[in-house]
Structure formats: structure tokens, C-alpha cells
file final_17.json (JSON, C-alpha atoms)
[["chain", "number", "residue", "atom", "x", "y", "z"],
["A", 4, "MET", "CA", 0.00, 0.00, 0.00],
["A", 5, "LYS", "CA", 2.86, 2.38, 0.80],
["A", 6, "MET", "CA", 4.36, 1.80, -2.67],
["A", 7, "LYS", "CA", 1.06, 2.68, -4.35],
["A", 8, "TRP", "CA", 0.79, 5.84, -2.28],
["A", 9, "LEU", "CA", 4.39, 6.79, -3.08],
["A", 10, "ALA", "CA", 3.83, 6.13, -6.80],
["A", 11, "LEU", "CA", 0.68, 8.28, -6.75],
["A", 12, "VAL", "CA", 2.44, 11.19, -5.00],
["A", 13, "LEU", "CA", 5.48, 10.94, -7.27],
["A", 14, "GLY", "CA", 3.36, 10.70, -10.42],
["A", 15, "THR", "CA", 1.23, 13.68, -9.39],
["A", 16, "SER", "CA", 4.33, 15.72, -8.57],
["A", 17, "LEU", "CA", 5.85, 14.99, -11.96],
["A", 18, "ALA", "CA", 2.65, 15.86, -13.77],
["A", 19, "LEU", "CA", 2.32, 19.16, -11.92],
["A", 20, "ALA", "CA", 5.98, 20.01, -12.49],
["A", 21, "ALA", "CA", 5.62, 19.40, -16.22],
["A", 22, "CYS", "CA", 2.55, 21.61, -16.47],
["A", 23, "GLY", "CA", 3.49, 24.37, -14.09],
["A", 24, "GLY", "CA", 5.85, 27.28, -14.18],
["A", 25, "ASN", "CA", 5.85, 30.14, -16.63],
["A", 26, "ASP", "CA", 9.34, 31.51, -17.17],
["A", 27, "ASP", "CA", 8.74, 35.15, -18.08],
["A", 28, "ALA", "CA", 12.45, 36.01, -17.88],
["A", 29, "ALA", "CA", 12.88, 35.63, -21.64],
["A", 30, "ASP", "CA", 10.02, 38.06, -22.24],
["A", 31, "LYS", "CA", 11.50, 40.67, -19.91],
["A", 32, "GLU", "CA", 15.06, 40.68, -21.28],
["A", 33, "PRO", "CA", 15.67, 43.46, -23.78],
["A", 34, "ALA", "CA", 16.56, 42.31, -27.27],
["A", 35, "SER", "CA", 20.07, 43.09, -28.41],
["A", 36, "GLU", "CA", 20.17, 45.97, -30.87],
["A", 37, "ASN", "CA", 23.24, 44.75, -32.76],
["A", 38, "ASN", "CA", 22.98, 41.51, -34.73],
["A", 39, "GLU", "CA", 20.42, 39.98, -32.43],
["A", 40, "THR", "CA", 20.62, 36.22, -32.33],
["A", 41, "THR", "CA", 17.18, 35.56, -30.97],
["A", 42, "THR", "CA", 13.77, 36.07, -32.47],
["A", 43, "ALA", "CA", 12.59, 38.35, -29.64],
["A", 44, "GLY", "CA", 11.52, 41.73, -30.99],
["A", 45, "ALA", "CA", 12.76, 41.05, -34.52],
["A", 46, "GLY", "CA", 9.43, 41.39, -36.32],
["A", 47, "ASP", "CA", 7.56, 39.29, -38.84],
["A", 48, "ALA", "CA", 10.61, 37.56, -40.35],
["A", 49, "ALA", "CA", 11.68, 36.34, -36.92],
["A", 50, "LYS", "CA", 8.18, 35.09, -36.17],
["A", 51, "ILE", "CA", 8.11, 33.17, -39.45],
["A", 52, "TYR", "CA", 11.56, 31.74, -38.65],
["A", 53, "GLU", "CA", 10.44, 30.76, -35.16],
["A", 54, "ASN", "CA", 7.32, 29.02, -36.47],
["A", 55, "LYS", "CA", 8.85, 27.20, -39.42],
["A", 56, "CYS", "CA", 12.65, 26.97, -38.95],
["A", 57, "SER", "CA", 13.49, 26.95, -35.25],
["A", 58, "SER", "CA", 12.61, 23.29, -34.76],
["A", 59, "CYS", "CA", 15.81, 22.43, -36.65],
["A", 60, "HIS", "CA", 17.92, 25.58, -36.28],
["A", 61, "ALA", "CA", 16.82, 26.57, -32.74],
["A", 62, "VAL", "CA", 15.18, 29.82, -31.66],
["A", 63, "ASN", "CA", 18.60, 31.31, -30.86],
["A", 64, "LEU", "CA", 19.92, 30.26, -34.32],
["A", 65, "GLU", "CA", 22.60, 28.03, -32.75],
["A", 66, "GLY", "CA", 21.48, 24.95, -34.63],
["A", 67, "GLY", "CA", 20.43, 21.50, -33.59],
["A", 68, "VAL", "CA", 19.34, 19.13, -36.33],
["A", 69, "GLY", "CA", 20.11, 21.92, -38.81],
["A", 70, "PRO", "CA", 23.28, 24.01, -38.94],
["A", 71, "ASN", "CA", 24.15, 27.02, -36.80],
["A", 72, "LEU", "CA", 22.84, 30.24, -38.41],
["A", 73, "THR", "CA", 24.16, 32.83, -35.94],
["A", 74, "LYS", "CA", 26.67, 34.16, -38.51],
["A", 75, "VAL", "CA", 25.12, 32.91, -41.75],
["A", 76, "GLY", "CA", 25.11, 36.45, -43.20],
["A", 77, "SER", "CA", 28.91, 36.53, -43.15],
["A", 78, "LYS", "CA", 29.01, 33.43, -45.37],
["A", 79, "LEU", "CA", 25.98, 33.79, -47.62],
["A", 80, "SER", "CA", 24.20, 36.72, -49.27],
["A", 81, "LYS", "CA", 20.48, 37.29, -49.01],
["A", 82, "ALA", "CA", 20.04, 35.78, -52.49],
["A", 83, "ASP", "CA", 22.06, 32.71, -51.53],
["A", 84, "ILE", "CA", 20.09, 32.22, -48.32],
["A", 85, "GLU", "CA", 16.81, 32.64, -50.18],
["A", 86, "LYS", "CA", 17.91, 30.02, -52.73],
["A", 87, "VAL", "CA", 18.68, 27.54, -49.92],
["A", 88, "ILE", "CA", 15.32, 28.26, -48.26],
["A", 89, "GLU", "CA", 13.35, 27.76, -51.47],
["A", 90, "ASN", "CA", 15.31, 24.82, -52.95],
["A", 91, "GLY", "CA", 16.50, 23.05, -49.81],
["A", 92, "GLN", "CA", 20.03, 21.83, -49.17],
["A", 93, "GLY", "CA", 21.45, 18.74, -47.50],
["A", 94, "GLY", "CA", 18.78, 17.43, -45.12],
["A", 95, "MET", "CA", 16.66, 20.58, -45.43],
["A", 96, "PRO", "CA", 13.59, 20.01, -47.60],
["A", 97, "LYS", "CA", 12.60, 22.57, -50.22],
["A", 98, "GLY", "CA", 9.49, 24.67, -50.01],
["A", 99, "ILE", "CA", 9.19, 25.16, -46.25],
["A", 100, "LEU", "CA", 9.05, 28.88, -47.01],
["A", 101, "GLN", "CA", 8.21, 30.40, -50.37],
["A", 102, "GLY", "CA", 7.84, 33.81, -51.96],
["A", 103, "LYS", "CA", 7.62, 36.79, -49.65],
["A", 104, "GLU", "CA", 8.14, 34.72, -46.50],
["A", 105, "ALA", "CA", 11.35, 33.20, -47.88],
["A", 106, "SER", "CA", 12.59, 36.63, -48.91],
["A", 107, "MET", "CA", 11.82, 38.18, -45.52],
["A", 108, "VAL", "CA", 13.56, 35.41, -43.58],
["A", 109, "ALA", "CA", 16.53, 35.44, -45.98],
["A", 110, "GLU", "CA", 16.97, 39.19, -45.49],
["A", 111, "TRP", "CA", 16.73, 38.82, -41.71],
["A", 112, "LEU", "CA", 19.25, 35.97, -41.65],
["A", 113, "ALA", "CA", 21.63, 37.83, -43.99],
["A", 114, "GLY", "CA", 21.91, 40.50, -41.29],
["A", 115, "HIS", "CA", 23.37, 37.97, -38.85],
["A", 116, "ARG", "CA", 27.10, 38.41, -39.28]]
call {"tool": "encode", "arguments": {"input": "final_17.json", "output": "C-alpha cells"}}
result
Amino acid sequence: MKMKWLALVLGTSLALAACGGNDDAADKEPASENNETTTAGAGDAAKIYENKCSSCHAVNLEGGVGPNLTKVGSKLSKADIEKVIENGQGGMPKGILQGKEASMVAEWLAGHR
């Protein structure tokens, strides 16, 4: 009986820990004005990136499944970045972003030097 009680308490604690807590610290930190490497306060392009690209490249652009993009603008031009976004490269599939969205994100990423 004690084991069942312990399992119930432990399970409930884990469930509450997973659901609780709202870390507002990220919302309160001011965004860097020079070459910001997060999507906070960066506008529509950053929101598109966060929604469609950050699962592979991370919100902070440091990479994960996909490569690090923190200094991609020092290696590739906006046109080059847009070409990669539209056509894919390596493990990145083509067509995740197209048209205006691809152009906006490419311009935003090109500014990361």
C-alpha cells in the first residue's frame, strides 16, 4: 500500500511540475540591438523563422538538427540564403518557405554576421 501511495504522489508531482511554471524572464530581457541572435523583438521575419525553422535551427539560431545560423550572413548573401530556403540543401527540404516569407527570412538571416 505504501508503494502505491508513493507512486501516486510521485506521479502527481511529476505531472504538476511538467505543467506548471511560466518563465517570463525571456520576455522581460531586452533584445540586443546589434545583430540579435534571438527572435525576440525582430518582427515578422523572426516570427516566421520561429514558427517554421526553429525546430531544426533553434530559436537562438545556434542549430540542432540543422546548422548554426548565428553568422550565416557573413558566409551567404540574401540571395544565396533565399535560394537555400526555397530549394533546400542537404537534409533541409525545399518549399518550407516560399515567396515573400522566404525573402523576408533570408533578409533577416543575412543581417546575422
call {"tool": "residues_around", "arguments": {"input": "final_17.json", "residues": "Val108 of chain A", "least_positions_apart": "4", "cutoff": "8 Å", "atoms": "all atoms listed in the file", "output": "list in words"}}
result
Ala48, Ala49, Ile51, Tyr52, Glu85, Glu104 and Leu112 of chain A
call {"tool": "closest_residue", "arguments": {"input": "final_17.json", "among": "A:Gly93, A:Ala105, A:Lys74, A:Trp8", "to": "Cys56 of chain A", "atoms": "only C-alpha atoms"}}
result
A:Ala105
call {"tool": "residues_around", "arguments": {"input": "final_17.json", "residues": "Asn54 of chain A", "least_positions_apart": "4", "cutoff": "12 Å", "atoms": "all atoms listed in the file", "output": "VMD selection string"}}
result
chain A and resid 42 47 to 50 58 to 62 99 to 100 104 108
call {"tool": "write_last_selection", "arguments": {"input": "final_17.json", "atoms": "C-alpha atoms", "output": "compact mmCIF listing (two decimals), in the coordinates of the input"}}
result
# COMPACT_ATOMS: atom_id res chain seq x y z
CA THR A 42 13.77 36.07 -32.47
CA ASP A 47 7.56 39.29 -38.84
CA ALA A 48 10.61 37.56 -40.35
CA ALA A 49 11.68 36.34 -36.92
CA LYS A 50 8.18 35.09 -36.17
CA SER A 58 12.61 23.29 -34.76
CA CYS A 59 15.81 22.43 -36.65
CA HIS A 60 17.92 25.58 -36.28
CA ALA A 61 16.82 26.57 -32.74
CA VAL A 62 15.18 29.82 -31.66
CA ILE A 99 9.19 25.16 -46.25
CA LEU A 100 9.05 28.88 -47.01
CA GLU A 104 8.14 34.72 -46.50
CA VAL A 108 13.56 35.41 -43.58
call {"tool": "atom_distance", "arguments": {"input": "final_17.json", "atom1": "atom CA of His115 of chain A", "atom2": "atom CA of Leu79 of chain A"}}
result
10.1 Å
call {"tool": "atom_distance", "arguments": {"input": "final_17.json", "atom1": "atom CA of Lys103 of chain A", "atom2": "atom CA of Glu65 of chain A"}}
result
24.2 Å
call {"tool": "residues_around", "arguments": {"input": "final_17.json", "residues": "Ile84 of chain A", "least_positions_apart": "2", "cutoff": "9 Å", "atoms": "only C-alpha atoms", "output": "list in words"}}
result
Val75, Gly76, Leu79, Ser80, Lys81, Ala82, Lys86, Val87, Ile88, Glu89, Ala105, Ser106, Val108, Ala109, Glu110, Leu112 and Ala113 of chain A
call {"tool": "atom_distance", "arguments": {"input": "final_17.json", "atom1": "atom CA of Ser57 of chain A", "atom2": "atom CA of Met95 of chain A"}}
result
12.4 Å
